[in-house]
Amino acid sequence: MTVELDVFVGNTIIMSEEVYQLWLDGYTVNDAVRVRMEGGVLDEFEANTDIVLSDTMDQYRTFQMCERLLHSPTKLANQLLFQIPPHRQATLIERYYAFDDAFVREVLGKKLSKGTKKDLDDISAKTGVMLKSCRRQFDNFKRVFKVVEELKGPLVENIRQHFLLSDKLARDYAAIVFFANNRFETGKRKLQYLTFQDLAFCAGQLINNWTVGAVDNMVEDMDVDLDKEFLQELKELKVLITDKDLLDQHKSLVCTALRGKTKAFNEMEANFKNLSRGLVNIATKLTNTKDVRDFFIDLVEKFIEPCRSDRWTAADMKLYLTHYTNSAHILDTFKHQVVWDRYMGVIKSCIFKMYHD
């Protein structure tokens with residue numbers, strides 16, 4: 001009797017997302033096997049311990065061989081060694097470049113150098129993120145920074161194109177690159193309440209409004225460096241606090257608009273000049289590198305903390321800053337509305353995000 005068989009041979013790699021995540025998280029093979037067994041893998045696949053160990057070792061070897069391609073994701077799609085479907089490639093890349101918010105919060109704003117890398121042991125112990133995973137995440141930050149640092153064009157788009165990341169993850173990496181380049185101080189105790197996502201939002205505001213790329217989208221380092229010409233123009237805002245008549249007029253306009261609309265009116269009226277000096281002084285000192293680094297500390301110390309001590313609500317904050325910004329347009333002798341709006345647009349957005357009442 002003749003038996004006909006249709007035989008199909010393929011070499012598409014089968015990968016478990018669970019095992020991949022264990023590998024990314026820094027688990028050893030034996031620890032990964034233990035986690036899988038505790039998760040019920042033996043019952044699910046009717047396997048024994050030896051099979052789970054063999055499968056885990058095989059997948060770990062595959063991931064390690066793929067890792068060099070993951071360092072340059074565009075190469076993954078063009079190689080022939082590993083037959084990986086496009087949707088699975090996208091998952092591998094996105095997961096490889098994902099990071100722990102607790103970890104990135106510890107390194108945000110620090111120089112991506114060997115010096116910082118030496119601190120990873122301490123960061124691992126503090127955050128509970130395994131050291132191997134800390135190293136992968138740190139090396140990813142450094143790799144992305146080096147690739148996009150000198151590129152022309154929008155920062156987020158450059159990251160997305162070179163590393164094939166989702167829009168959300170590309171924006172998060174843009175924030176990390178931006179903080180590393182400008183060395184913003186984020187580690188002080190009074191800033192610890194701010195999450196990575198709080199600070200990433202603020203970075204997006206700065207990138208979209210205060211960099212050279214905000215006005216010219218094909219210049220060198222466009223989304224990484226702050227617009228020096230704009231920072232110089234901010235010095236013109238000093239007149240709002242040095243001209244007594246202008247300061248009094250500004251206060252009068254704001255208080256007239258606020259009266260009867262908030263329980264915090266008395267505190268707003270009493271502290272108007274100090275708060276205005278705080279915001280304007282932040283603007284006029286941003287030509288100094290140290291003051292750029294202290295931007296978030298200054299916002300907290302000179303504006304957020306005084307408002308918090310007077311028990312302003314988030315709604316009070318929005319109301320005050322809206323009228324504070326808009327009233328400057330009515331001032332007779334104030335001629336710097338364009339610079340003012342560019343400055344206060346970012347300041348308002350950042351303070352709204354940073355003010356947790």
# chains A, B, ... in the order shown; residues from 1 in each chain; ligands from 1
call {"tool": "residues_around", "arguments": {"residues": "Val129 in chain A", "least_positions_apart": "3", "cutoff": "10 Å", "atoms": "only C-alpha atoms", "output": "list in words"}}
result
Asp25, Gly26, Asp100, Ala102, Phe103, Leu120, Asp121, Ile123, Ser124, Ala125, Lys126, Lys132, Ser133 and Cys134 of chain A
call {"tool": "closest_atom_pairs", "arguments": {"of": "range 191-219 of chain A", "to": "range 332-353 of chain A", "cutoff": "8 Å", "atoms": "only C-alpha atoms", "output": "CSV"}}
result
residue,atom,partner,partner_atom,distance
A:Asp198,CA,A:Lys353,CA,6.2
A:Phe201,CA,A:Cys350,CA,7.7
A:Cys202,CA,A:Cys350,CA,5.3
A:Gln205,CA,A:Val346,CA,5.8
A:Leu206,CA,A:Val346,CA,6.6
A:Asn209,CA,A:Arg342,CA,6.8
A:Trp210,CA,A:Arg342,CA,7.6
call {"tool": "closest_residue", "arguments": {"among": "A:Ile297, A:Thr322, A:His329, A:Lys251", "to": "Leu194 in chain A", "atoms": "only C-alpha atoms"}}
result
A:Ile297
call {"tool": "residues_around", "arguments": {"residues": "Leu165 in chain A", "least_positions_apart": "5", "cutoff": "10 Å", "atoms": "only C-alpha atoms", "output": "PyMOL selection string"}}
result
chain A and resi 73+90-91+93-95+97-98+156-157+159-160+170-171+173
call {"tool": "closest_residue", "arguments": {"among": "A:Leu234, A:Leu155, A:Ala175, A:Met317", "to": "Gln197 in chain A", "atoms": "only C-alpha atoms"}}
result
A:Ala175
call {"tool": "closest_residue", "arguments": {"among": "A:Thr195, A:Thr74, A:Thr186, A:Ser16", "to": "Leu299 in chain A", "atoms": "only C-alpha atoms"}}
result
A:Thr186
call {"tool": "select_by_dssp", "arguments": {"residues": "range 42-195 of chain A", "states": "helix (DSSP H, G or I)", "output": "ChimeraX atom specification"}}
result
/A:42-45,49-70,73-78,86-97,101-107,114-117,120-127,131-148,155-163,167-182,189-191
call {"tool": "residues_around", "arguments": {"residues": "Arg34 in chain A", "least_positions_apart": "5", "cutoff": "12 Å", "atoms": "only C-alpha atoms", "output": "ChimeraX atom specification"}}
result
/A:19,22,27-29,39-42,49-50,52-53,56
call {"tool": "write_last_selection", "arguments": {"atoms": "N, CA, C and O atoms", "output": "mmCIF file, in the first residue's frame"}}
result
data_model
loop_
_atom_site.group_PDB
_atom_site.id
_atom_site.type_symbol
_atom_site.label_atom_id
_atom_site.label_comp_id
_atom_site.auth_asym_id
_atom_site.auth_seq_id
_atom_site.Cartn_x
_atom_site.Cartn_y
_atom_site.Cartn_z
ATOM 1 N N VAL A 19 8.871 33.876 28.540
ATOM 2 C CA VAL A 19 10.299 33.577 28.716
ATOM 3 C C VAL A 19 11.137 34.781 28.293
ATOM 4 O O VAL A 19 12.148 35.115 28.927
ATOM 5 N N LEU A 22 11.185 37.210 31.073
ATOM 6 C CA LEU A 22 12.064 36.742 32.152
ATOM 7 C C LEU A 22 13.524 37.004 31.804
ATOM 8 O O LEU A 22 14.327 37.406 32.661
ATOM 9 N N TYR A 27 16.504 37.372 34.813
ATOM 10 C CA TYR A 27 16.476 36.080 35.503
ATOM 11 C C TYR A 27 17.488 35.122 34.876
ATOM 12 O O TYR A 27 17.664 35.105 33.658
ATOM 13 N N THR A 28 18.146 34.329 35.700
ATOM 14 C CA THR A 28 18.990 33.247 35.193
ATOM 15 C C THR A 28 18.076 32.161 34.644
ATOM 16 O O THR A 28 16.863 32.157 34.899
ATOM 17 N N VAL A 29 18.662 31.214 33.904
ATOM 18 C CA VAL A 29 17.860 30.115 33.351
ATOM 19 C C VAL A 29 17.151 29.354 34.471
ATOM 20 O O VAL A 29 15.935 29.092 34.396
ATOM 21 N N GLY A 39 4.235 29.004 37.770
ATOM 22 C CA GLY A 39 3.110 29.537 36.999
ATOM 23 C C GLY A 39 2.247 28.459 36.365
ATOM 24 O O GLY A 39 1.281 28.769 35.656
ATOM 25 N N GLY A 40 2.629 27.206 36.561
ATOM 26 C CA GLY A 40 1.791 26.104 36.074
ATOM 27 C C GLY A 40 2.138 25.588 34.696
ATOM 28 O O GLY A 40 1.309 24.942 34.049
ATOM 29 N N VAL A 41 3.360 25.821 34.211
ATOM 30 C CA VAL A 41 3.733 25.403 32.873
ATOM 31 C C VAL A 41 3.704 23.874 32.722
ATOM 32 O O VAL A 41 3.424 23.356 31.642
ATOM 33 N N LEU A 42 4.006 23.150 33.792
ATOM 34 C CA LEU A 42 4.011 21.680 33.706
ATOM 35 C C LEU A 42 2.624 21.147 33.367
ATOM 36 O O LEU A 42 2.464 20.272 32.509
ATOM 37 N N THR A 49 10.134 18.601 34.235
ATOM 38 C CA THR A 49 11.123 19.640 34.554
ATOM 39 C C THR A 49 12.231 19.703 33.521
ATOM 40 O O THR A 49 12.679 20.800 33.131
ATOM 41 N N ASP A 50 12.701 18.570 33.038
ATOM 42 C CA ASP A 50 13.792 18.538 32.057
ATOM 43 C C ASP A 50 13.385 19.235 30.763
ATOM 44 O O ASP A 50 14.190 19.959 30.148
ATOM 45 N N VAL A 52 11.086 21.618 30.433
ATOM 46 C CA VAL A 52 10.996 23.058 30.695
ATOM 47 C C VAL A 52 12.392 23.678 30.739
ATOM 48 O O VAL A 52 12.632 24.761 30.183
ATOM 49 N N LEU A 53 13.338 22.997 31.366
ATOM 50 C CA LEU A 53 14.713 23.482 31.428
ATOM 51 C C LEU A 53 15.310 23.576 30.029
ATOM 52 O O LEU A 53 15.922 24.595 29.662
ATOM 53 N N THR A 56 13.669 26.412 28.063
ATOM 54 C CA THR A 56 14.101 27.729 28.551
ATOM 55 C C THR A 56 15.524 28.036 28.089
ATOM 56 O O THR A 56 15.809 29.152 27.615
#
call {"tool": "closest_residue", "arguments": {"among": "A:Val107, A:Val224, A:Leu80, A:Ala203", "to": "Lys146 in chain A", "atoms": "only C-alpha atoms"}}
result
A:Val224
call {"tool": "residues_around", "arguments": {"residues": "Leu76 in chain A", "least_positions_apart": "6", "cutoff": "9 Å", "atoms": "only C-alpha atoms", "output": "PyMOL selection string"}}
result
chain A and resi 66+69-70+82+84+89
call {"tool": "closest_residue", "arguments": {"among": "A:Thr313, A:Leu240, A:Phe179, A:Asp248", "to": "Phe196 in chain A", "atoms": "only C-alpha atoms"}}
result
A:Phe179
call {"tool": "atom_distance", "arguments": {"atom1": "CA of Ile51 in chain A", "atom2": "CA of Phe63 in chain A"}}
result
18.3 Å
call {"tool": "closest_residue", "arguments": {"among": "A:Asn48, A:Asn140, A:Asn266, A:Asn208", "to": "Glu67 in chain A", "atoms": "only C-alpha atoms"}}
result
A:Asn140
call {"tool": "atom_distance", "arguments": {"atom1": "CA of Asn182 in chain A", "atom2": "CA of Arg293 in chain A"}}
result
6.8 Å
